[in-house]
file entry.txt (compact mmCIF, C-alpha atoms)
# COMPACT_ATOMS: atom_id res chain seq x y z
CA MET A 1 98.40 85.57 122.44
CA MET A 2 95.79 88.25 123.15
CA ASP A 3 98.42 90.64 124.49
CA GLN A 4 100.50 90.21 121.37
CA ILE A 5 97.45 90.76 119.15
CA ARG A 6 96.50 93.85 121.14
CA GLU A 7 100.00 95.20 120.59
CA ILE A 8 99.89 94.48 116.82
CA VAL A 9 96.46 96.08 116.54
CA ALA A 10 97.74 99.14 118.38
CA ARG A 11 100.65 99.39 115.95
CA HIS A 12 98.79 98.77 112.68
CA SER A 13 95.14 99.70 113.04
CA GLY A 14 95.66 103.46 113.06
CA LEU A 15 93.12 103.79 115.87
CA ALA A 16 93.06 107.05 117.76
CA VAL A 17 91.65 105.30 120.83
CA ASP A 18 93.79 103.40 123.32
CA VAL A 19 93.61 99.76 122.24
CA SER A 20 94.14 98.57 125.82
CA SER A 21 90.78 100.16 126.66
CA LEU A 22 88.96 98.11 124.02
CA GLY A 23 87.06 94.97 124.99
CA ASP A 24 87.93 91.74 123.20
CA THR A 25 84.73 91.85 121.19
CA ALA A 26 84.65 95.61 120.52
CA ASP A 27 84.20 96.42 116.81
CA LEU A 28 87.51 97.79 115.51
CA TYR A 29 85.88 99.31 112.42
CA GLU A 30 83.42 101.19 114.62
CA ALA A 31 86.40 102.33 116.68
CA GLY A 32 87.75 103.95 113.50
CA MET A 33 89.86 101.35 111.73
CA THR A 34 89.82 102.04 107.97
CA SER A 35 89.96 99.41 105.22
CA PHE A 36 93.51 100.52 104.41
CA ALA A 37 94.51 100.07 108.05
CA SER A 38 92.98 96.59 108.08
CA VAL A 39 95.33 95.64 105.24
CA ASP A 40 98.32 96.86 107.28
CA LEU A 41 96.97 94.92 110.25
CA MET A 42 96.60 91.76 108.18
CA LEU A 43 100.20 92.00 106.96
CA GLY A 44 101.42 92.75 110.52
CA LEU A 45 99.64 89.67 111.90
CA GLU A 46 101.01 87.46 109.12
CA GLU A 47 104.54 88.59 109.89
CA ALA A 48 104.23 88.28 113.66
CA PHE A 49 102.63 84.83 113.67
CA ASN A 50 104.28 83.52 110.50
CA VAL A 51 100.93 82.64 108.95
CA GLU A 52 99.16 83.49 105.71
CA PHE A 53 95.46 84.24 105.72
CA PRO A 54 93.80 82.18 102.96
CA ASP A 55 91.47 84.02 100.56
CA ALA A 56 88.40 82.67 102.35
CA MET A 57 89.49 84.45 105.55
CA LEU A 58 90.19 87.80 103.87
CA THR A 59 86.93 89.39 104.98
CA ARG A 60 86.10 92.34 107.21
CA LYS A 61 84.73 89.91 109.80
CA THR A 62 88.13 88.25 110.32
CA PHE A 63 89.63 91.55 111.52
CA ALA A 64 86.55 93.02 113.17
CA SER A 65 87.56 92.53 116.82
CA LEU A 66 90.48 91.36 118.94
CA LYS A 67 88.62 88.10 119.59
CA ALA A 68 87.86 87.53 115.90
CA ILE A 69 91.54 88.07 115.10
CA ALA A 70 92.64 85.72 117.90
CA ASP A 71 90.24 83.04 116.66
CA ALA A 72 91.54 83.38 113.11
CA VAL A 73 95.20 83.33 114.14
CA SER A 74 94.59 80.32 116.45
CA LYS A 75 93.00 78.45 113.57
CA LEU A 76 95.91 79.17 111.26
CA THR A 77 98.64 78.37 113.81
CA ALA A 78 96.81 75.13 114.76
CA GLU A 79 96.68 74.15 111.07
CA ALA A 80 100.37 74.93 110.68
CA ALA A 81 101.37 72.89 113.77
CA MET B 1 90.75 82.35 61.54
CA ASP B 2 87.63 84.21 62.64
CA ALA B 3 85.13 84.54 59.82
CA GLN B 4 84.26 88.03 61.03
CA PRO B 5 86.81 90.68 61.97
CA SER B 6 86.86 91.60 65.65
CA PHE B 7 84.80 94.59 66.80
CA LEU B 8 88.07 96.51 67.22
CA ASN B 9 89.09 95.80 63.62
CA GLN B 10 85.63 96.81 62.40
CA LEU B 11 86.07 100.11 64.25
CA PHE B 12 89.46 100.59 62.57
CA ASP B 13 88.08 99.64 59.14
CA LYS B 14 85.28 102.20 59.39
CA GLY B 15 87.54 104.91 60.81
CA PHE B 16 85.83 105.22 64.18
CA LEU B 17 89.15 104.45 65.85
CA VAL B 18 92.65 104.84 64.41
CA PRO B 19 95.34 102.35 65.48
CA SER B 20 98.60 103.60 66.99
CA GLY B 21 100.47 100.31 67.21
CA VAL B 22 99.87 100.18 70.96
CA ASP B 23 96.92 98.26 72.38
CA GLY B 24 94.51 100.59 74.10
CA LEU B 25 95.91 103.79 72.55
CA TYR B 26 93.81 105.03 69.63
CA GLY B 27 92.99 108.05 67.58
CA ARG B 28 89.32 108.98 67.33
CA GLY B 29 87.58 109.57 64.02
CA GLU B 30 85.01 112.28 63.39
CA ALA B 31 81.95 109.99 63.58
CA TYR B 32 83.19 108.52 66.86
CA GLU B 33 83.57 112.02 68.28
CA GLU B 34 80.01 112.83 67.18
CA VAL B 35 78.77 109.97 69.32
CA ILE B 36 80.84 111.17 72.29
CA ALA B 37 79.58 114.75 71.80
CA GLY B 38 75.98 113.52 71.56
CA PHE B 39 76.15 111.66 74.84
CA ASP B 40 78.09 114.50 76.44
CA SER B 41 75.23 116.86 75.60
CA LEU B 42 72.72 114.41 77.06
CA ILE B 43 74.67 114.50 80.33
CA THR B 44 74.80 118.30 80.23
CA LYS B 45 71.02 118.45 79.80
CA THR B 46 70.51 115.97 82.63
CA VAL B 47 72.55 118.03 85.10
CA ALA B 48 71.27 121.44 83.97
CA ASN B 49 69.77 122.21 87.39
CA ASP B 50 72.47 120.63 89.55
CA ALA B 51 74.52 123.81 90.02
CA ALA B 52 77.66 121.75 89.47
CA GLU B 53 80.95 123.62 89.05
CA LYS B 54 82.45 122.52 85.75
CA ILE B 55 86.24 122.07 85.49
CA SER B 56 88.28 120.33 82.81
CA PHE B 57 91.66 119.02 83.88
CA PRO B 58 94.47 117.96 81.55
CA PRO B 59 95.36 114.26 81.48
CA GLY B 60 98.25 114.90 83.86
CA MET B 61 98.09 115.81 87.53
CA SER B 62 100.48 116.87 90.28
CA ARG B 63 102.71 114.01 91.39
CA VAL B 64 102.69 115.33 94.95
CA ALA B 65 98.88 115.28 94.98
CA PHE B 66 98.89 111.84 93.40
CA GLU B 67 101.27 110.52 96.08
CA LYS B 68 99.14 111.98 98.84
CA SER B 69 95.97 110.47 97.36
CA GLY B 70 97.16 106.97 98.27
CA TYR B 71 96.70 105.70 94.71
CA MET B 72 99.93 103.68 94.88
CA LYS B 73 98.61 101.81 97.90
CA SER B 74 95.65 100.54 95.94
CA PHE B 75 96.49 100.46 92.24
CA PRO B 76 100.27 100.58 91.66
CA GLN B 77 99.85 98.31 88.62
CA LEU B 78 97.68 100.87 86.80
CA ALA B 79 99.61 104.08 87.45
CA GLY B 80 101.51 105.98 84.79
CA THR B 81 104.24 108.40 85.85
CA VAL B 82 105.86 110.92 83.51
CA HIS B 83 109.65 110.77 83.21
CA SER B 84 111.90 113.11 81.22
CA PHE B 85 115.54 113.20 80.17
CA CYS B 86 117.53 115.00 82.85
CA GLY B 87 121.10 114.43 81.66
CA VAL B 88 123.85 116.65 80.24
CA ASP B 89 125.50 116.73 76.79
CA HIS B 90 127.46 113.56 77.11
CA ASP B 91 124.41 111.71 78.50
CA HIS B 92 122.58 112.87 75.39
CA THR B 93 125.30 111.46 73.14
CA GLU B 94 125.09 108.19 75.01
CA LEU B 95 121.29 108.21 74.77
CA LEU B 96 121.40 108.65 70.99
CA ALA B 97 123.94 105.84 70.65
CA GLN B 98 121.78 103.56 72.78
CA LEU B 99 118.71 104.41 70.71
CA ALA B 100 120.58 103.79 67.45
CA ALA B 101 121.80 100.42 68.74
CA GLY B 102 118.32 99.45 69.94
CA GLU B 103 119.58 99.26 73.53
CA GLU B 104 117.96 100.27 76.81
CA TRP B 105 118.06 104.09 76.74
CA THR B 106 116.06 105.27 79.75
CA GLY B 107 118.92 105.49 82.28
CA LYS B 108 118.85 109.30 82.46
CA GLN B 109 115.07 109.54 82.52
CA GLU B 110 113.95 110.98 85.84
CA VAL B 111 110.54 111.27 87.37
CA THR B 112 108.88 114.67 86.79
CA ASP B 113 106.26 116.51 88.83
CA VAL B 114 103.53 115.07 86.59
CA VAL B 115 101.70 111.76 86.67
CA LEU B 116 98.98 110.71 84.26
CA THR B 117 95.55 111.32 85.76
CA PRO B 118 94.18 107.94 86.89
CA ALA B 119 90.55 109.05 87.37
CA ALA B 120 88.87 112.35 86.61
CA CYS B 121 88.12 113.11 90.26
CA TYR B 122 91.67 112.81 91.61
CA PRO B 123 92.82 116.38 90.82
CA ILE B 124 89.77 117.99 92.46
CA TYR B 125 90.31 116.95 96.09
CA PRO B 126 93.35 119.18 96.79
CA VAL B 127 91.58 122.05 95.02
CA LEU B 128 88.55 121.61 97.24
CA ALA B 129 90.62 121.24 100.41
CA ALA B 130 92.51 124.46 99.63
CA ARG B 131 89.24 126.43 99.56
CA GLY B 132 88.57 125.80 103.25
CA ASN B 133 85.24 124.79 104.76
CA MET B 134 82.59 124.19 102.14
CA PRO B 135 79.45 126.27 101.93
CA LYS B 136 76.33 124.89 103.62
CA GLY B 137 74.87 122.13 101.47
CA GLY B 138 78.28 121.05 100.18
CA VAL B 139 79.44 121.15 96.57
CA VAL B 140 79.11 119.27 93.29
CA PHE B 141 81.76 119.25 90.57
CA ASP B 142 81.34 118.35 86.91
CA LEU B 143 84.75 117.11 85.76
CA GLN B 144 86.11 115.76 82.52
CA SER B 145 89.52 114.37 81.72
CA TYR B 146 91.39 111.84 79.70
CA CYS B 147 92.58 109.23 82.20
CA PHE B 148 95.36 106.67 82.03
CA ARG B 149 95.46 103.11 83.28
CA HIS B 150 98.25 100.74 82.34
CA GLU B 151 96.27 97.75 81.18
CA PRO B 152 96.99 97.15 77.50
CA SER B 153 94.25 95.06 75.91
CA GLN B 154 92.75 94.30 72.55
CA ASP B 155 89.30 94.78 74.03
CA PRO B 156 88.43 98.21 72.60
CA ALA B 157 86.49 98.90 75.81
CA ARG B 158 89.67 98.60 77.86
CA MET B 159 91.75 101.50 76.61
CA GLN B 160 94.87 102.85 78.28
CA LEU B 161 93.89 106.49 77.66
CA PHE B 162 90.18 107.20 77.79
CA ARG B 163 87.74 109.94 78.74
CA ILE B 164 85.76 110.06 81.95
CA ARG B 165 83.13 112.66 82.76
CA GLU B 166 82.64 112.57 86.45
CA PHE B 167 80.43 114.21 89.02
CA VAL B 168 81.88 114.55 92.48
CA ARG B 169 79.75 115.37 95.50
CA ALA B 170 81.21 116.47 98.80
CA GLY B 171 79.12 117.15 101.87
CA THR B 172 77.45 115.45 104.81
CA PRO B 173 76.81 111.69 104.72
CA GLU B 174 73.13 112.34 103.97
CA GLU B 175 73.93 114.70 101.07
CA VAL B 176 76.46 112.33 99.58
CA VAL B 177 74.28 109.22 99.87
CA ALA B 178 71.34 111.11 98.34
CA PHE B 179 73.57 112.11 95.41
CA ARG B 180 74.49 108.50 94.73
CA GLU B 181 70.87 107.36 95.03
CA GLU B 182 69.83 110.04 92.53
CA TRP B 183 72.47 108.92 90.02
CA LEU B 184 71.52 105.27 90.48
CA LYS B 185 68.12 106.31 89.10
CA ARG B 186 69.35 108.79 86.50
CA GLY B 187 72.03 106.53 84.97
CA PRO B 188 69.71 103.70 83.93
CA ALA B 189 67.11 106.19 82.63
CA MET B 190 69.77 107.83 80.42
CA MET B 191 70.98 104.49 79.07
CA GLU B 192 67.42 103.37 78.37
CA ALA B 193 66.84 106.61 76.47
CA VAL B 194 69.70 105.69 74.13
CA GLY B 195 68.57 102.08 73.76
CA LEU B 196 71.27 100.29 75.74
CA PRO B 197 70.26 97.07 77.52
CA LEU B 198 71.84 97.31 80.95
CA HIS B 199 71.98 95.99 84.43
CA ILE B 200 73.39 97.40 87.65
CA ASP B 201 75.56 95.34 89.90
CA LEU B 202 77.63 95.62 93.02
CA ALA B 203 81.30 96.00 92.09
CA ASN B 204 84.80 96.49 93.42
CA ASP B 205 87.86 98.34 92.23
CA PRO B 206 90.87 96.33 90.97
CA PHE B 207 92.90 96.71 94.17
CA PHE B 208 96.39 95.24 93.91
CA GLY B 209 97.72 92.13 95.62
CA ARG B 210 96.59 90.14 98.65
CA GLY B 211 95.85 93.24 100.68
CA GLY B 212 93.80 94.28 97.69
CA ARG B 213 91.69 91.19 98.07
CA LEU B 214 90.70 92.34 101.54
CA MET B 215 89.93 95.81 100.13
CA LYS B 216 87.75 94.32 97.38
CA VAL B 217 85.79 92.19 99.83
CA GLY B 218 85.37 95.14 102.19
CA GLN B 219 84.20 97.39 99.37
CA ARG B 220 81.55 94.84 98.39
CA GLU B 221 80.45 94.08 101.95
CA GLN B 222 79.88 97.79 102.51
CA GLN B 223 78.24 98.24 99.08
CA LEU B 224 80.50 101.19 98.27
CA LYS B 225 80.62 100.70 94.51
CA PHE B 226 78.00 99.94 91.90
CA GLU B 227 78.46 99.69 88.17
CA LEU B 228 76.11 100.01 85.24
CA LEU B 229 77.05 97.23 82.84
CA VAL B 230 76.43 96.72 79.13
CA GLN B 231 77.67 93.95 76.87
CA ILE B 232 80.26 95.43 74.50
CA ALA B 233 83.14 93.37 73.14
CA ASN B 234 84.33 91.18 75.99
CA PRO B 235 83.10 87.61 75.49
CA ALA B 236 83.60 87.00 79.23
CA GLY B 237 80.79 89.37 80.13
CA PRO B 238 79.45 92.90 80.17
CA THR B 239 81.58 96.02 80.67
CA ALA B 240 80.99 98.84 83.14
CA ILE B 241 80.08 102.09 81.38
CA MET B 242 79.16 104.02 84.53
CA SER B 243 80.19 103.69 88.14
CA PHE B 244 78.66 104.98 91.36
CA ASN B 245 81.18 105.26 94.16
CA TYR B 246 80.80 106.14 97.83
CA HIS B 247 84.17 107.02 99.38
CA GLN B 248 82.80 107.66 102.89
CA ASP B 249 85.39 109.95 104.54
CA HIS B 250 88.44 108.52 102.72
CA PHE B 251 89.20 111.62 100.63
CA GLY B 252 87.81 113.98 103.27
CA GLU B 253 90.30 112.60 105.81
CA THR B 254 93.16 112.29 103.32
CA TRP B 255 92.86 115.87 102.10
CA GLY B 256 91.31 117.64 105.06
CA ILE B 257 88.04 118.53 103.30
CA HIS B 258 85.50 119.97 105.70
CA THR B 259 81.80 120.69 105.73
CA ASN B 260 80.39 124.06 106.68
CA ASP B 261 80.36 123.15 110.38
CA GLY B 262 83.97 121.94 110.31
CA GLY B 263 83.29 118.18 110.26
CA VAL B 264 85.20 115.88 107.91
CA ALA B 265 83.35 115.81 104.59
CA GLN B 266 82.24 112.66 102.89
CA THR B 267 82.49 112.28 99.13
CA ALA B 268 80.94 110.24 96.35
CA CYS B 269 81.38 110.26 92.62
CA THR B 270 79.59 109.08 89.53
CA GLY B 271 81.69 108.44 86.46
CA PHE B 272 80.66 108.10 82.85
CA GLY B 273 83.13 106.07 80.78
CA MET B 274 82.63 108.23 77.69
CA ASP B 275 84.59 105.97 75.33
CA ARG B 276 82.89 102.86 76.65
CA ILE B 277 79.49 104.49 76.19
CA ALA B 278 80.36 105.39 72.58
CA LEU B 279 81.54 101.82 71.98
CA ALA B 280 78.40 100.37 73.57
CA LEU B 281 76.24 102.55 71.31
CA LEU B 282 78.22 101.50 68.22
CA LYS B 283 78.01 97.85 69.23
CA HIS B 284 74.27 97.91 69.84
CA HIS B 285 73.09 100.24 67.08
CA GLY B 286 75.66 99.41 64.41
CA LEU B 287 78.45 101.24 62.62
CA ASP B 288 76.14 103.26 60.35
CA LEU B 289 75.08 106.20 62.51
CA LYS B 290 72.39 107.17 59.99
CA ALA B 291 70.68 103.81 60.54
CA TRP B 292 70.41 104.20 64.31
CA PRO B 293 66.89 104.17 65.79
CA LYS B 294 65.24 107.59 65.46
CA SER B 295 64.61 107.86 69.20
CA VAL B 296 68.31 107.30 69.92
CA SER B 297 69.48 109.85 67.33
CA LYS B 298 67.01 112.38 68.66
CA THR B 299 68.16 111.87 72.23
CA LEU B 300 71.82 112.27 71.26
CA TRP B 301 71.72 114.94 68.60
CA GLY B 302 68.31 116.63 68.98

call {"tool": "encode", "arguments": {"input": "entry.txt", "output": "structure tokens"}}
result
Amino acid sequence: MMDQIREIVARHSGLAVDVSSLGDTADLYEAGMTSFASVDLMLGLEEAFNVEFPDAMLTRKTFASLKAIADAVSKLTAEAA
Amino acid sequence: MDAQPSFLNQLFDKGFLVPSGVDGLYGRGEAYEEVIAGFDSLITKTVANDAAEKISFPPGMSRVAFEKSGYMKSFPQLAGTVHSFCGVDHDHTELLAQLAAGEEWTGKQEVTDVVLTPAACYPIYPVLAARGNMPKGGVVFDLQSYCFRHEPSQDPARMQLFRIREFVRAGTPEEVVAFREEWLKRGPAMMEAVGLPLHIDLANDPFFGRGGRLMKVGQREQQLKFELLVQIANPAGPTAIMSFNYHQDHFGETWGIHTNDGGVAQTACTGFGMDRIALALLKHHGLDLKAWPKSVSKTLWG
């Protein structure tokens, strides 16, 4: 799943840095992801994993790192299963 | 039936506002304009030593600039675009027949190069970017414009066309943050001087949709927007009459605005909702301007 998330982040986060060089816990906002880009990322993740982030998960923290995203997506796909 | 007419109807009855038949679209009477002018002069006195460049824009701005600003990403529900008839003779005949029959008539209306200005600061960013790197110390603008937001309401403090006077600071992060801090002190002092009971609170813009929810939360978490709130006519709670906004490098990046050393500029703005301030004053001090507290009259009109 992490590879897929990395690929989606690379496509939607608008980061100038190479996402493959980022650690799983690296802060994506510090790496340059804007709020607008995080919205694109959220929509990209929802489409790819066929999930919908509930309001309570729509925070900056949810999208702050590859690991945070993976945790959130795992939670949603587990709930959906 | 309410025993007392609504605040909006009282404003109509006394001629402060003049109804147009459309919620949120009103004429302004002479006494109302006196209140606006009084507060406007208080602002002018307050900023006398700020060396702000004053520019008044019309209530319409370039559509191309509007598109580039990203407004449609955030607030598509509030935008107003200007369309005009772009047909030929026979389209005109058809248009008149449709109008006469009370049918849909806008088929030959096409979008023009103009959109209604959504906030007083929007037209300034391309102007600033076109000037090249800013002088050392950055710049401050003093802007005023009628602005449009499509949100018809019978709350007189939620108009569709309303005036904002806005100060925009562009510079380094330190300069921009200091500007906002200064206004967070000045704003309350000004409102206290005109006898308005207020509080300041963290706020967010009305971003559209589910993505907008993430934007709102992010804006709050980063404390990018504060509002100065006063109870006016909304029973649900107080209304923002001033806002203090820190854009970080959003407009600097979007428009290519640079500081003296070539770095991407940050921006912040402070907006006065001139109509809301006039309404707050009328609500709190009453509809007889001559009976307003002496200290308030003196502050507004000298």

call {"tool": "residues_near_point", "arguments": {"input": "entry.txt", "point": "(78.3, 94.4, 96.4)", "cutoff": "7 Å", "atoms": "all atoms listed in the file", "output": "list in words"}}
result
Leu202, Ala203, Arg220, Glu221, Gln223 and Lys225 of chain B

call {"tool": "write_last_selection", "arguments": {"input": "entry.txt", "atoms": "C-alpha atoms", "output": "short mmCIF file (atom, residue, chain, number, x, y, z; two decimals), in the frame of the given file"}}
result
data_model
loop_
_atom_site.label_atom_id
_atom_site.label_comp_id
_atom_site.auth_asym_id
_atom_site.auth_seq_id
_atom_site.Cartn_x
_atom_site.Cartn_y
_atom_site.Cartn_z
CA LEU B 202 77.63 95.62 93.02
CA ALA B 203 81.30 96.00 92.09
CA ARG B 220 81.55 94.84 98.39
CA GLU B 221 80.45 94.08 101.95
CA GLN B 223 78.24 98.24 99.08
CA LYS B 225 80.62 100.70 94.51
#

call {"tool": "atom_distance", "arguments": {"input": "entry.txt", "atom1": "atom CA of B:Asn9", "atom2": "atom CA of B:Leu289"}}
result
17.5 Å

call {"tool": "residues_around", "arguments": {"input": "entry.txt", "residues": "B:Pro238", "least_positions_apart": "5", "cutoff": "12 Å", "atoms": "all atoms listed in the file", "output": "PyMOL selection string"}}
result
chain B and resi 155+157-158+196-201+227-233+276+280

call {"tool": "closest_residue", "arguments": {"input": "entry.txt", "among": "B:Met274, B:Ala97, B:Ala37, B:Leu287", "to": "B:Tyr146", "atoms": "all atoms listed in the file"}}
result
B:Met274

call {"tool": "closest_atom_pairs", "arguments": {"input": "entry.txt", "of": "chain B", "to": "chain A", "cutoff": "9 Å", "atoms": "only C-alpha atoms", "output": "tab-separated table"}}
result
residue	atom	partner	partner_atom	distance
B:Lys73	CA	A:Phe36	CA	8.4
B:Ser74	CA	A:Phe36	CA	8.7
B:Arg210	CA	A:Asp55	CA	8.2
B:Gly211	CA	A:Val39	CA	5.2
B:Gly212	CA	A:Val39	CA	7.8
B:Arg213	CA	A:Leu58	CA	6.9
B:Leu214	CA	A:Leu58	CA	5.1
B:Met215	CA	A:Ser35	CA	6.2
B:Val217	CA	A:Thr59	CA	6.0
B:Gly218	CA	A:Arg60	CA	5.8
B:Gln219	CA	A:Ser35	CA	8.5
B:Glu221	CA	A:Arg60	CA	7.9
B:His250	CA	A:Thr34	CA	8.5

call {"tool": "atom_distance", "arguments": {"input": "entry.txt", "atom1": "atom CA of A:Ala64", "atom2": "atom CA of A:Tyr29"}}
result
6.4 Å

call {"tool": "atom_distance", "arguments": {"input": "entry.txt", "atom1": "atom CA of B:Glu110", "atom2": "atom CA of B:Ser84"}}
result
5.5 Å

call {"tool": "residues_around", "arguments": {"input": "entry.txt", "residues": "stretch 3-16 of chain A", "least_positions_apart": "5", "cutoff": "7 Å", "atoms": "only C-alpha atoms", "output": "ChimeraX atom specification"}}
result
/A:31-33,37-38,40-41,44-45,66

call {"tool": "axis_aligned_box", "arguments": {"input": "entry.txt", "around": "stretch 236-246 of chain B", "padding_each_side": "3 Å", "output": "AutoDock Vina command-line options"}}
result
--center_x 81.1 --center_y 96.6 --center_z 88.5 --size_x 10.9 --size_y 25.1 --size_z 24.6

call {"tool": "closest_residue", "arguments": {"input": "entry.txt", "among": "B:Glu182, B:Val35, B:Pro156, B:His285", "to": "B:Phe7", "atoms": "only C-alpha atoms"}}
result
B:Pro156

call {"tool": "closest_residue", "arguments": {"input": "entry.txt", "among": "B:Leu279, B:Leu184, B:Ala291, B:Ile43", "to": "B:Ser243", "atoms": "all atoms listed in the file"}}
result
B:Leu184

call {"tool": "residues_around", "arguments": {"input": "entry.txt", "residues": "stretch 112-121 of chain B", "least_positions_apart": "2", "cutoff": "9 Å", "atoms": "only C-alpha atoms", "output": "number ranges by chain"}}
result
B: 56-64, 66, 71, 78-84, 110, 123-125, 141, 143-149, 163-168, 269, 271

call {"tool": "closest_residue", "arguments": {"input": "entry.txt", "among": "B:Met134, B:Val176, B:Val18, B:Ala100", "to": "B:Gln266", "atoms": "all atoms listed in the file"}}
result
B:Val176

call {"tool": "residues_around", "arguments": {"input": "entry.txt", "residues": "stretch 75-79 of chain A", "least_positions_apart": "6", "cutoff": "10 Å", "atoms": "all atoms listed in the file", "output": "ChimeraX atom specification"}}
result
/A:46,49-54,69

call {"tool": "closest_residue", "arguments": {"input": "entry.txt", "among": "B:Leu300, B:Leu25, B:Cys86, B:Ala170", "to": "B:Gln248", "atoms": "all atoms listed in the file"}}
result
B:Ala170

call {"tool": "residues_around", "arguments": {"input": "entry.txt", "residues": "B:Ala129", "least_positions_apart": "6", "cutoff": "9 Å", "atoms": "only C-alpha atoms", "output": "VMD selection string"}}
result
chain B and resid 252 255 to 258
